[in-house]
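> protein_0.cif is reproduced in full below (mmCIF, C-alpha atoms).
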data_protein
#
loop_
_atom_site.label_atom_id
_atom_site.label_comp_id
_atom_site.auth_asym_id
_atom_site.auth_seq_id
_atom_site.Cartn_x
_atom_site.Cartn_y
_atom_site.Cartn_z
CA MET Q 6 -177.44 -26.65 304.23
CA ARG Q 7 -174.03 -25.07 304.63
CA ILE Q 8 -172.42 -27.46 302.15
CA ILE Q 9 -175.19 -26.94 299.62
CA GLY Q 10 -175.13 -23.19 300.02
CA ARG Q 11 -171.38 -22.67 299.87
CA PRO Q 12 -171.03 -22.45 296.06
CA ARG Q 13 -173.77 -19.81 296.01
CA ALA Q 14 -171.89 -17.84 298.60
CA LEU Q 15 -168.91 -17.93 296.27
CA VAL Q 16 -170.78 -16.48 293.31
CA GLY Q 17 -169.73 -12.95 294.20
CA VAL Q 18 -166.14 -14.06 294.65
CA VAL Q 19 -166.13 -15.84 291.30
CA ALA Q 20 -167.75 -12.91 289.50
CA GLY Q 21 -164.90 -10.67 290.58
CA ALA Q 22 -162.23 -13.31 290.16
CA LEU Q 23 -163.15 -14.25 286.61
CA LEU Q 24 -161.77 -10.96 285.40
CA LEU Q 25 -158.66 -11.68 287.44
CA ALA Q 26 -158.25 -15.21 286.13
CA GLY Q 27 -155.92 -13.55 283.68
CA CYS Q 28 -154.46 -10.10 283.80
CA GLY Q 29 -152.79 -7.74 281.36
CA SER Q 30 -153.60 -7.00 277.76
CA GLY Q 31 -154.76 -9.61 275.27
CA PRO Q 32 -153.80 -10.32 271.67
CA SER Q 33 -155.52 -8.82 268.67
CA GLN Q 34 -157.97 -11.73 268.44
CA VAL Q 35 -160.85 -10.20 270.39
CA GLY Q 36 -162.50 -12.72 272.68
CA ALA Q 37 -159.85 -15.41 272.16
CA ALA Q 38 -157.96 -17.05 275.00
CA ALA Q 39 -155.82 -18.92 272.49
CA VAL Q 40 -155.58 -19.40 268.74
CA ILE Q 41 -154.34 -22.75 267.40
CA GLY Q 42 -154.14 -22.68 263.62
CA ASP Q 43 -157.70 -22.16 262.42
CA ARG Q 44 -159.18 -23.07 265.82
CA THR Q 45 -159.95 -20.68 268.64
CA ILE Q 46 -160.45 -21.17 272.36
CA SER Q 47 -162.68 -18.35 273.54
CA ILE Q 48 -162.37 -16.42 276.79
CA ASP Q 49 -166.02 -17.26 277.44
CA GLN Q 50 -165.23 -20.97 277.13
CA VAL Q 51 -162.43 -20.64 279.66
CA GLN Q 52 -164.53 -18.64 282.09
CA ASP Q 53 -167.42 -21.09 281.82
CA LEU Q 54 -165.08 -23.89 282.88
CA ILE Q 55 -163.75 -21.80 285.78
CA THR Q 56 -167.32 -21.21 286.96
CA LYS Q 57 -168.13 -24.89 286.64
CA ALA Q 58 -164.97 -25.83 288.57
CA VAL Q 59 -165.94 -23.57 291.47
CA ARG Q 60 -169.46 -24.96 291.44
CA GLU Q 61 -168.35 -28.61 291.50
CA GLN Q 62 -164.84 -28.86 292.94
CA PRO Q 63 -164.00 -28.15 296.62
CA TYR Q 64 -160.40 -27.33 295.75
CA ALA Q 65 -161.51 -24.71 293.23
CA GLN Q 66 -163.83 -23.26 295.87
CA LYS Q 67 -160.82 -22.88 298.17
CA LEU Q 68 -158.85 -21.16 295.41
CA ALA Q 69 -161.74 -18.77 294.83
CA THR Q 70 -161.72 -17.66 298.46
CA GLU Q 71 -157.94 -17.18 298.19
CA HIS Q 72 -158.32 -15.10 294.98
CA LYS Q 73 -156.20 -17.64 293.08
CA LEU Q 74 -158.52 -18.59 290.22
CA ASP Q 75 -155.81 -17.39 287.83
CA LEU Q 76 -154.26 -20.84 288.46
CA VAL Q 77 -157.42 -22.51 287.17
CA GLY Q 78 -157.61 -20.17 284.18
CA ARG Q 79 -154.07 -21.00 283.09
CA ALA Q 80 -154.66 -24.72 283.57
CA VAL Q 81 -157.84 -24.55 281.49
CA VAL Q 82 -156.07 -22.79 278.62
CA SER Q 83 -153.14 -25.21 278.89
CA GLN Q 84 -155.28 -28.33 278.70
CA LEU Q 85 -157.44 -27.02 275.87
CA VAL Q 86 -154.38 -26.04 273.83
CA VAL Q 87 -152.75 -29.44 274.44
CA HIS Q 88 -156.04 -31.08 273.41
CA GLU Q 89 -155.87 -29.35 270.03
CA LEU Q 90 -152.16 -30.11 269.57
CA ILE Q 91 -152.40 -33.76 270.52
CA THR Q 92 -155.43 -34.29 268.30
CA LYS Q 93 -153.46 -32.89 265.37
CA ALA Q 94 -150.33 -34.91 266.27
CA ALA Q 95 -152.38 -38.11 266.35
CA GLU Q 96 -153.91 -37.31 262.95
CA LYS Q 97 -150.43 -36.83 261.48
CA GLN Q 98 -149.41 -40.25 262.81
CA GLY Q 99 -152.59 -41.93 261.54
CA ILE Q 100 -153.81 -42.65 265.07
CA THR Q 101 -157.54 -42.62 265.78
CA PRO Q 102 -159.32 -42.97 269.12
CA ASN Q 103 -160.61 -46.38 270.18
CA TYR Q 104 -163.97 -45.15 271.40
CA ALA Q 105 -165.05 -48.60 272.60
CA GLN Q 106 -162.07 -48.63 274.98
CA ILE Q 107 -162.61 -45.00 275.94
CA ASP Q 108 -166.31 -45.52 276.62
CA ALA Q 109 -165.49 -48.56 278.75
CA GLN Q 110 -163.26 -46.31 280.86
CA LEU Q 111 -165.96 -43.66 280.91
CA ALA Q 112 -168.44 -46.16 282.31
CA LYS Q 113 -166.21 -46.41 285.40
CA ASP Q 114 -165.42 -42.68 285.14
CA PRO Q 115 -162.08 -42.25 286.92
CA LEU Q 116 -162.69 -38.49 286.79
CA ASN Q 117 -165.86 -38.59 288.84
CA SER Q 118 -164.39 -37.98 292.29
CA PRO Q 119 -163.96 -34.31 293.33
CA ILE Q 120 -160.60 -32.89 294.42
CA PRO Q 121 -160.78 -32.09 298.14
CA ALA Q 122 -159.98 -28.63 299.46
CA ASP Q 123 -157.13 -30.00 301.58
CA ALA Q 124 -155.18 -31.53 298.66
CA SER Q 125 -151.51 -30.89 299.42
CA ASN Q 126 -149.94 -30.53 295.96
CA GLU Q 127 -151.32 -27.32 294.47
CA ALA Q 128 -150.11 -27.77 290.89
CA GLN Q 129 -151.33 -31.36 290.74
CA ALA Q 130 -154.65 -30.49 292.35
CA VAL Q 131 -155.33 -27.64 289.91
CA SER Q 132 -154.58 -29.92 286.94
CA GLN Q 133 -156.91 -32.58 288.32
CA VAL Q 134 -159.64 -30.02 288.96
CA VAL Q 135 -159.56 -28.91 285.34
CA ALA Q 136 -159.43 -32.49 284.03
CA ARG Q 137 -162.60 -33.24 286.01
CA THR Q 138 -164.29 -30.02 284.91
CA ARG Q 139 -163.71 -30.63 281.20
CA ASP Q 140 -165.81 -33.06 279.19
CA HIS Q 141 -164.71 -36.42 280.62
CA ARG Q 142 -164.86 -38.25 277.30
CA GLU Q 143 -162.65 -35.60 275.71
CA GLU Q 144 -160.16 -35.81 278.59
CA LEU Q 145 -159.98 -39.62 278.39
CA THR Q 146 -159.59 -39.38 274.60
CA ASP Q 147 -156.62 -37.06 275.04
CA THR Q 148 -154.99 -39.58 277.37
CA PHE Q 149 -155.68 -42.43 274.95
CA LEU Q 150 -154.16 -40.53 272.03
CA ALA Q 151 -151.11 -39.50 274.06
CA GLN Q 152 -150.40 -43.06 275.12
CA ALA Q 153 -150.96 -44.32 271.57
CA LEU Q 154 -148.48 -41.72 270.31
CA ALA Q 155 -145.95 -42.91 272.88
CA ASP Q 156 -146.49 -46.55 271.89
CA LYS Q 157 -145.80 -45.65 268.27
CA THR Q 158 -142.92 -43.20 268.65
CA VAL Q 159 -140.91 -44.15 271.75
CA PRO Q 160 -139.56 -47.47 270.40
CA ASN Q 161 -138.36 -45.73 267.22
CA SER Q 162 -137.00 -42.51 268.65
CA SER Q 163 -133.45 -41.59 269.58
CA VAL Q 164 -131.68 -38.28 270.07
CA THR Q 165 -127.98 -37.37 270.07
CA PHE Q 166 -126.94 -34.25 271.93
CA ASP Q 167 -124.08 -32.31 273.49
CA TYR Q 168 -124.61 -30.74 276.87
CA THR Q 169 -123.25 -28.89 279.84
CA SER Q 170 -124.86 -27.70 283.03
CA VAL Q 171 -125.13 -24.84 285.49
CA GLY Q 172 -125.25 -25.37 289.24
CA LEU Q 173 -123.84 -28.89 289.50
CA VAL Q 174 -120.18 -27.98 290.09
CA PRO Q 175 -118.24 -24.74 290.65
CA ASP Q 176 -117.71 -22.67 287.52
CA ALA Q 177 -114.46 -23.58 285.75
CA ALA Q 178 -113.49 -19.94 285.18
CA THR Q 179 -114.36 -18.44 288.56
CA GLY Q 180 -114.28 -21.44 290.87
CA SER Q 181 -117.49 -20.24 292.51
CA ALA Q 182 -120.78 -22.12 292.69
CA VAL Q 183 -123.91 -20.68 291.10
CA GLU Q 184 -127.10 -21.48 292.97
CA GLY Q 185 -130.79 -20.65 293.17
CA PRO Q 186 -132.32 -18.09 290.81
CA ALA Q 187 -128.83 -17.05 289.69
CA ALA Q 188 -128.25 -20.57 288.31
CA LYS Q 189 -131.45 -20.42 286.27
CA THR Q 190 -130.57 -16.98 284.91
CA ALA Q 191 -127.06 -18.16 284.03
CA ALA Q 192 -128.42 -21.26 282.27
CA PHE Q 193 -130.88 -19.23 280.19
CA ASP Q 194 -128.18 -16.71 279.29
CA LEU Q 195 -125.82 -19.53 278.30
CA ALA Q 196 -128.48 -21.05 276.07
CA ARG Q 197 -128.98 -17.74 274.30
CA GLN Q 198 -125.22 -17.54 273.73
CA PHE Q 199 -125.20 -21.07 272.27
CA ALA Q 200 -128.13 -20.29 269.96
CA ALA Q 201 -126.62 -16.98 268.82
CA ASP Q 202 -123.16 -18.48 268.22
CA PRO Q 203 -123.26 -22.30 267.77
CA ALA Q 204 -119.48 -22.48 267.30
CA ALA Q 205 -118.94 -20.80 270.65
CA GLY Q 206 -121.41 -23.25 272.19
CA THR Q 207 -119.46 -26.20 270.83
CA LYS Q 208 -116.24 -24.72 272.21
CA ARG Q 209 -117.75 -24.13 275.65
CA ILE Q 210 -119.16 -27.65 275.92
CA GLY Q 211 -115.82 -29.12 274.82
CA ALA Q 212 -114.03 -27.11 277.49
CA ASP Q 213 -116.50 -28.30 280.13
CA VAL Q 214 -115.96 -31.92 279.08
CA GLN Q 215 -112.22 -31.41 279.62
CA TYR Q 216 -112.98 -29.81 282.99
CA LEU Q 217 -115.06 -32.88 283.91
CA ALA Q 218 -112.17 -35.20 282.99
CA ALA Q 219 -109.74 -33.12 285.07
CA LEU Q 220 -112.04 -33.14 288.11
CA ARG Q 221 -112.54 -36.90 287.87
CA GLN Q 222 -108.80 -37.49 287.53
CA ARG Q 223 -108.19 -35.36 290.62
CA ALA Q 224 -110.92 -37.20 292.53
CA THR Q 225 -109.34 -40.55 291.61
CA GLN Q 226 -105.94 -39.36 292.80
CA MET Q 227 -107.49 -38.34 296.10
CA GLY Q 228 -109.10 -41.76 296.49
CA GLN Q 229 -112.65 -40.49 296.07
CA GLY Q 230 -113.49 -42.27 292.82
CA ALA Q 231 -114.31 -40.68 289.49
CA GLU Q 232 -118.03 -41.34 290.03
CA SER Q 233 -118.01 -38.83 292.89
CA ILE Q 234 -118.03 -36.10 290.22
CA PRO Q 235 -121.44 -35.96 288.50
CA PRO Q 236 -121.49 -36.12 284.67
CA PHE Q 237 -122.16 -32.42 284.20
CA ALA Q 238 -121.10 -32.25 280.53
CA GLY Q 239 -120.89 -34.53 277.53
CA VAL Q 240 -120.48 -34.70 273.76
CA GLY Q 241 -122.24 -37.02 271.33
CA GLU Q 242 -124.54 -38.52 273.91
CA ALA Q 243 -126.97 -40.90 272.17
CA LEU Q 244 -130.18 -41.61 274.06
CA PRO Q 245 -132.94 -43.93 272.82
CA ALA Q 246 -136.33 -42.85 274.10
CA ALA Q 247 -137.07 -46.41 275.19
CA GLN Q 248 -134.21 -46.16 277.69
CA ALA Q 249 -134.69 -42.52 278.64
CA GLY Q 250 -137.29 -42.99 281.36
CA ALA Q 251 -138.81 -39.64 282.33
CA LEU Q 252 -136.50 -37.86 279.85
CA ALA Q 253 -138.59 -39.40 277.05
CA ALA Q 254 -141.25 -36.90 278.07
CA GLY Q 255 -138.82 -33.98 277.97
CA PRO Q 256 -137.95 -31.39 275.34
CA LEU Q 257 -134.92 -33.28 274.02
CA PHE Q 258 -137.42 -35.56 272.26
CA GLY Q 259 -139.63 -32.74 271.00
CA SER Q 260 -137.09 -30.23 269.69
CA PRO Q 261 -135.64 -30.05 266.17
CA VAL Q 262 -131.99 -30.64 265.34
CA GLY Q 263 -129.86 -27.61 266.13
CA SER Q 264 -132.06 -26.45 268.99
CA THR Q 265 -130.59 -25.33 272.29
CA VAL Q 266 -132.60 -26.73 275.17
CA VAL Q 267 -132.68 -25.76 278.85
CA PHE Q 268 -134.53 -27.60 281.59
CA PRO Q 269 -133.95 -28.62 285.23
CA PHE Q 270 -131.08 -31.11 285.46
CA PRO Q 271 -132.54 -34.58 286.17
CA ASN Q 272 -132.38 -35.65 289.82
CA ASN Q 273 -130.39 -32.54 290.82
CA GLN Q 274 -132.58 -29.85 292.30
CA GLY Q 275 -131.35 -26.35 291.58
CA ALA Q 276 -129.11 -27.37 288.67
CA TRP Q 277 -129.87 -26.76 284.97
CA PHE Q 278 -129.23 -28.79 281.82
CA VAL Q 279 -128.11 -26.79 278.78
CA GLY Q 280 -127.92 -28.94 275.66
CA VAL Q 281 -127.81 -28.81 271.88
CA VAL Q 282 -129.72 -31.38 269.82
CA ARG Q 283 -127.31 -32.77 267.20
CA GLN Q 284 -129.28 -35.60 265.62
CA ARG Q 285 -132.70 -37.24 265.78
CA THR Q 286 -133.66 -40.71 264.61
CA ASP Q 287 -137.22 -41.83 264.02
CA LYS Q 288 -136.38 -45.33 262.82
CA PRO Q 289 -136.36 -48.54 264.87
CA VAL Q 290 -133.60 -48.38 267.47
CA ALA Q 291 -131.85 -51.50 268.75
CA THR Q 292 -131.74 -51.16 272.53
CA GLU Q 293 -131.47 -53.29 275.60
CA GLN Q 294 -134.74 -54.31 277.20
CA ALA Q 295 -136.02 -51.24 279.03
CA PRO Q 296 -138.60 -51.05 281.79
CA GLU Q 297 -142.13 -50.28 280.67
CA LEU Q 298 -143.00 -46.62 281.12
CA ASP Q 299 -145.59 -45.98 283.80
CA ALA Q 300 -148.92 -44.56 282.62
CA ALA Q 301 -148.16 -40.97 283.61
CA THR Q 302 -144.75 -40.96 281.91
CA LYS Q 303 -146.17 -42.63 278.80
CA THR Q 304 -148.90 -40.00 278.60
CA ALA Q 305 -146.36 -37.19 278.98
CA ALA Q 306 -144.05 -38.79 276.39
CA GLY Q 307 -146.92 -38.92 273.93
CA MET Q 308 -147.88 -35.32 274.60
CA ARG Q 309 -144.27 -34.32 273.95
CA GLN Q 310 -144.79 -35.41 270.33
CA ALA Q 311 -147.14 -32.44 269.98
CA GLN Q 312 -144.44 -29.91 270.95
CA PRO Q 313 -143.37 -29.01 267.37
CA LEU Q 314 -146.97 -28.24 266.41
CA PHE Q 315 -147.00 -25.18 268.65
CA ASP Q 316 -144.73 -23.44 266.15
CA GLU Q 317 -146.13 -25.15 263.05
CA LEU Q 318 -149.66 -23.99 263.85
CA GLY Q 319 -148.55 -20.56 265.03
CA VAL Q 320 -150.26 -20.91 268.39
CA ARG Q 321 -150.92 -17.65 270.20
CA ILE Q 322 -151.82 -17.34 273.87
CA ASN Q 323 -153.76 -14.36 275.19
CA LYS Q 324 -151.34 -12.55 277.49
CA ARG Q 325 -154.00 -12.08 280.14
CA TYR Q 326 -153.36 -15.76 280.96
CA GLY Q 327 -149.58 -15.69 280.57
CA VAL Q 328 -147.05 -17.20 278.17
CA TRP Q 329 -146.43 -20.67 276.82
CA ASP Q 330 -143.70 -22.73 278.49
CA VAL Q 331 -142.56 -25.30 275.93
CA VAL Q 332 -140.75 -27.39 278.55
CA ALA Q 333 -143.79 -27.70 280.83
CA MET Q 334 -146.17 -27.76 277.82
CA SER Q 335 -148.42 -25.34 279.68
CA VAL Q 336 -149.23 -21.68 280.25
CA VAL Q 337 -147.23 -19.96 282.99
CA PRO Q 338 -147.69 -16.42 284.38
CA ASN Q 339 -144.55 -14.98 282.79
CA GLU Q 340 -141.15 -15.90 281.36
CA ASP Q 341 -139.55 -16.02 284.80
CA ALA Q 342 -141.89 -18.86 285.77
CA ALA Q 343 -140.91 -21.05 282.80
CA GLN Q 344 -139.27 -24.42 283.48
CA GLY Q 345 -136.92 -23.94 280.54
CA ILE Q 346 -136.51 -22.68 277.00
CA VAL Q 347 -135.97 -24.08 273.52
CA LEU Q 348 -134.14 -21.85 271.03
CA SER Q 349 -133.41 -22.40 267.38
CA PRO Q 350 -129.99 -21.48 265.91
CA GLY Q 351 -129.71 -17.72 265.75
CA GLY Q 352 -131.35 -17.28 269.12
CA SER Q 353 -134.98 -17.16 268.01
CA GLY Q 354 -137.70 -19.31 269.43
CA ARG Q 355 -141.35 -19.25 270.49
CA THR Q 356 -140.82 -20.96 273.81
CA GLN Q 357 -142.44 -18.00 275.47
CA GLN Q 358 -144.44 -15.19 273.93
#
With the file now loaded, output its structure as structure tokens.

Amino acid sequence: MRIIGRPRALVGVVAGALLLAGCGSGPSQVGAAAVIGDRTISIDQVQDLITKAVREQPYAQKLATEHKLDLVGRAVVSQLVVHELITKAAEKQGITPNYAQIDAQLAKDPLNSPIPADASNEAQAVSQVVARTRDHREELTDTFLAQALADKTVPNSSVTFDYTSVGLVPDAATGSAVEGPAAKTAAFDLARQFAADPAAGTKRIGADVQYLAALRQRATQMGQGAESIPPFAGVGEALPAAQAGALAAGPLFGSPVGSTVVFPFPNNQGAWFVGVVRQRTDKPVATEQAPELDAATKTAAGMRQAQPLFDELGVRINKRYGVWDVVAMSVVPNEDAAQGIVLSPGGSGRTQQ
């Protein structure tokens, strides 16, 4: 009786929390959680899914008691926006769903099991809760389209970029290390400088490449080996998506030429990658045999193909839910929570709203 009755006991909590599932003022589109081109995701639609999640998912019930349903609200808006973007991206590539394959998956329904209240990874659990709360056929279709996009684009995609970093080595000018939130702030500020003055960005990256060479020469002289100094800067780096691994799902492969891109430096917690996209190729690329992408990475790489559509369709997110993080491809509470930025030359960009 207690298990059956618990969702009812949460009704009062949910009723109050629904209004808190986003906070602040909304855009001019009354009743809209998000606007994607000529399509609208309504606030009612989002709140209905939050209510359903609390009714069906133990983890959402836990979040309700903790007054954290804003996490579910943002995840709902994120997934519904990505659904619209990936559907449009697939249409542009001439990709259509294989409903026989999707329905075969649906018959086994991998989304049928609830997410337990004691799930340890909060971000992952919230995403899984929303995936199970949405229409399962629609969710499986999104995954199918994303993987089909990856199958079509990854073998033919390559990007050339220049880059430097913040937080990997002491600053060349001051000799001091930048860590924690200060490193993120410094990386974002540096990106804005690069976007506002591309020539200055080129000069800075060139200087950092020389600094890297000097540090490696010194390390070799001291018997430590050049490889003891991480490759924190580079010029003219060419990276085929087929050999990029998890980077194939990152913003380097979704941003236009000339963009300045910031995201966490791969495999170096606390450090930040600051790069400029110099060239993109969408023709067959001759590469060495690369390992097959795992399903999650392939899905993310396919979803990355939808990144440019956010700007093309003029997507707007209701500020009661937060702002769009182009690196994470999701809604986050505010700009400080973003995993990175993408700026066009001149310093403008719609990475966050």
> Report as a PyMOL selection string all protein, DNA and RNA residues lying within 9 Å of Pro102 (chain Q), evaluated on only C-alpha atoms, omitting residues in the same chain fewer than 6 positions from it.
chain Q and resi 95+146-147+149-150+153
> Identify which of the residues Q:Pro175, Q:Pro186, Q:Gly78, Q:Gly239 lies closest to Val59 (chain Q), counting all atoms listed in the file when measuring atom-to-atom distances.
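Counting all atoms listed in the file, the residue closest to Val59 (chain Q) is Q:Gly78.
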> Pick out the closest residue to Ile100 (chain Q) from this set: Q:Arg285, Q:Lys157, Q:His88, Q:Arg60. Count all atoms listed in the file.
Q:Lys157
> Go ahead and compute the interatomic distance for CA of Leu252 (chain Q) and CA of Ala343 (chain Q), in Å to one decimal.
17.6 Å
> With distances taken over all atoms listed in the file, which residue among Q:Met308, Q:Val336, Q:Ala247, Q:Ala155 lies nearest Asn323 (chain Q)?
Q:Val336
> Can you list, as a PyMOL selection string, every protein, DNA or RNA residue that comes within 10 Å of Ala342 (chain Q) when you count all atoms listed in the file, leaving out same-chain residues fewer than 6 positions away?
chain Q and resi 327-328+330+336
> As an exercise, work out the distance from CA of Ala182 (chain Q) to CA of Ala201 (chain Q) in Å and give it to one decimal place.
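Those two atoms sit 25.1 Å apart.
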> Looking at all atoms listed in the file, which of Q:Ala128, Q:Val86, Q:Ala246, Q:Ala178 is the one that sits closest to Ser47 (chain Q)?
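Answer, going by the shortest atom-to-atom distance: Q:Val86.
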> Quick check on the file I pasted: which residues fall under the PyMOL selection byres ((chain Q and resi 259) around 9)? Write them as a list of chain:residue names.
Q:Ala254, Q:Gly255, Q:Pro256, Q:Leu257, Q:Phe258, Q:Ser260, Q:Pro261, Q:Arg309, Q:Gln310, Q:Ala311, Q:Gln312, Q:Pro313
> Out of Q:Pro235, Q:Pro115, Q:Gly211, Q:Pro160, which residue has the shortest atom-to-atom distance to Leu145 (chain Q) when counting all atoms listed in the file?
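Closest to Leu145 (chain Q) of all the choices is Q:Pro115.
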> Using all atoms listed in the file, which protein or nucleic acid residues come within 9 Å of Asp156 (chain Q)? Drop anything in the same chain fewer than 5 positions from it, and give the result as a PyMOL selection string.
chain Q and resi 151+303+307
> What's around Gly36 (chain Q) at 10 Å? Count all atoms listed in the file, leave out sequence neighbours fewer than 6 positions away in its own chain, and write the answer as a CSV table (one decimal) with C-alpha atoms, keeping the file's coordinate frame.

chain,number,residue,atom,x,y,z
Q,45,THR,CA,-160.0,-20.7,268.6
Q,46,ILE,CA,-160.4,-21.2,272.4
Q,47,SER,CA,-162.7,-18.4,273.5
Q,48,ILE,CA,-162.4,-16.4,276.8
Q,49,ASP,CA,-166.0,-17.3,277.4
Q,50,GLN,CA,-165.2,-21.0,277.1
Q,323,ASN,CA,-153.8,-14.4,275.2
> Given the choices Q:Leu154, Q:Asp287, Q:Gly228, Q:Thr92, which gets closest to Thr304 (chain Q) if the distance is worked out from all atoms listed in the file?
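Answer, going by the shortest atom-to-atom distance: Q:Leu154.
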> Which residues come within 12 Å of Pro203 (chain Q), counting all atoms listed in the file, excluding same-chain residues fewer than 3 positions away, as a PyMOL selection string?
chain Q and resi 167+195-200+206-210+263-265+280-283+348-352
> Could you jot down the CA of Val262 (chain Q) to CA of Ala238 (chain Q) separation for me, Å, one decimal place?
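Atom-to-atom, CA of Val262 (chain Q) to CA of Ala238 (chain Q), that is 18.8 Å.
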> Enumerate, as number ranges by chain, the residues matched when the PyMOL selection byres ((chain Q and resi 141) around 12) is run on the file above.
Q: 107-108, 110-118, 133-140, 142-148
> Using only C-alpha atoms, please write the residues we just selected to a file, as a tab-separated table (two decimals), in the frame of the given file.

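selection_0.tsv, freshly written:
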chain	number	residue	atom	x	y	z
Q	107	ILE	CA	-162.61	-45.00	275.94
Q	108	ASP	CA	-166.31	-45.52	276.62
Q	110	GLN	CA	-163.26	-46.31	280.86
Q	111	LEU	CA	-165.96	-43.66	280.91
Q	112	ALA	CA	-168.44	-46.16	282.31
Q	113	LYS	CA	-166.21	-46.41	285.40
Q	114	ASP	CA	-165.42	-42.68	285.14
Q	115	PRO	CA	-162.08	-42.25	286.92
Q	116	LEU	CA	-162.69	-38.49	286.79
Q	117	ASN	CA	-165.86	-38.59	288.84
Q	118	SER	CA	-164.39	-37.98	292.29
Q	133	GLN	CA	-156.91	-32.58	288.32
Q	134	VAL	CA	-159.64	-30.02	288.96
Q	135	VAL	CA	-159.56	-28.91	285.34
Q	136	ALA	CA	-159.43	-32.49	284.03
Q	137	ARG	CA	-162.60	-33.24	286.01
Q	138	THR	CA	-164.29	-30.02	284.91
Q	139	ARG	CA	-163.71	-30.63	281.20
Q	140	ASP	CA	-165.81	-33.06	279.19
Q	142	ARG	CA	-164.86	-38.25	277.30
Q	143	GLU	CA	-162.65	-35.60	275.71
Q	144	GLU	CA	-160.16	-35.81	278.59
Q	145	LEU	CA	-159.98	-39.62	278.39
Q	146	THR	CA	-159.59	-39.38	274.60
Q	147	ASP	CA	-156.62	-37.06	275.04
Q	148	THR	CA	-154.99	-39.58	277.37
> Please enumerate the residues selected by the PyMOL selection byres ((chain Q and resi 80-85) around 9) when evaluated against the supplied file, formatted as a PDB file with C-alpha atoms, in the coordinates of the input.

ATOM      1  CA  ALA Q  38    -157.960 -17.050 275.000  1.00  0.00           C
ATOM      2  CA  ALA Q  39    -155.820 -18.920 272.490  1.00  0.00           C
ATOM      3  CA  ILE Q  46    -160.450 -21.170 272.360  1.00  0.00           C
ATOM      4  CA  VAL Q  51    -162.430 -20.640 279.660  1.00  0.00           C
ATOM      5  CA  GLN Q  52    -164.530 -18.640 282.090  1.00  0.00           C
ATOM      6  CA  LEU Q  54    -165.080 -23.890 282.880  1.00  0.00           C
ATOM      7  CA  ILE Q  55    -163.750 -21.800 285.780  1.00  0.00           C
ATOM      8  CA  ASP Q  75    -155.810 -17.390 287.830  1.00  0.00           C
ATOM      9  CA  LEU Q  76    -154.260 -20.840 288.460  1.00  0.00           C
ATOM     10  CA  VAL Q  77    -157.420 -22.510 287.170  1.00  0.00           C
ATOM     11  CA  GLY Q  78    -157.610 -20.170 284.180  1.00  0.00           C
ATOM     12  CA  ARG Q  79    -154.070 -21.000 283.090  1.00  0.00           C
ATOM     13  CA  VAL Q  86    -154.380 -26.040 273.830  1.00  0.00           C
ATOM     14  CA  VAL Q  87    -152.750 -29.440 274.440  1.00  0.00           C
ATOM     15  CA  HIS Q  88    -156.040 -31.080 273.410  1.00  0.00           C
ATOM     16  CA  GLU Q  89    -155.870 -29.350 270.030  1.00  0.00           C
ATOM     17  CA  LEU Q  90    -152.160 -30.110 269.570  1.00  0.00           C
ATOM     18  CA  VAL Q 131    -155.330 -27.640 289.910  1.00  0.00           C
ATOM     19  CA  SER Q 132    -154.580 -29.920 286.940  1.00  0.00           C
ATOM     20  CA  VAL Q 135    -159.560 -28.910 285.340  1.00  0.00           C
ATOM     21  CA  ALA Q 136    -159.430 -32.490 284.030  1.00  0.00           C
ATOM     22  CA  ARG Q 139    -163.710 -30.630 281.200  1.00  0.00           C
ATOM     23  CA  GLU Q 144    -160.160 -35.810 278.590  1.00  0.00           C
ATOM     24  CA  ILE Q 322    -151.820 -17.340 273.870  1.00  0.00           C
ATOM     25  CA  TYR Q 326    -153.360 -15.760 280.960  1.00  0.00           C
ATOM     26  CA  TRP Q 329    -146.430 -20.670 276.820  1.00  0.00           C
ATOM     27  CA  MET Q 334    -146.170 -27.760 277.820  1.00  0.00           C
ATOM     28  CA  SER Q 335    -148.420 -25.340 279.680  1.00  0.00           C
ATOM     29  CA  VAL Q 336    -149.230 -21.680 280.250  1.00  0.00           C
ATOM     30  CA  VAL Q 337    -147.230 -19.960 282.990  1.00  0.00           C
TER      31      VAL Q 337
END
> Quick one: what's the axis-aligned box for region 297-305 of chain Q, all listed atoms, 6 Å on every side, centre and edges in Å to one decimal, as JSON?

{"center_x": -145.5, "center_y": -43.7, "center_z": 281.2, "size_x": 18.8, "size_y": 25.1, "size_z": 17.2}
> Counting only C-alpha atoms, note down every residue that has an atom within 8 Å of the point (-126.9, -24.4, 286.5) (file coordinates), as a ChimeraX atom specification.
/Q:170-173,183-184,188-189,191-192,270,275-278
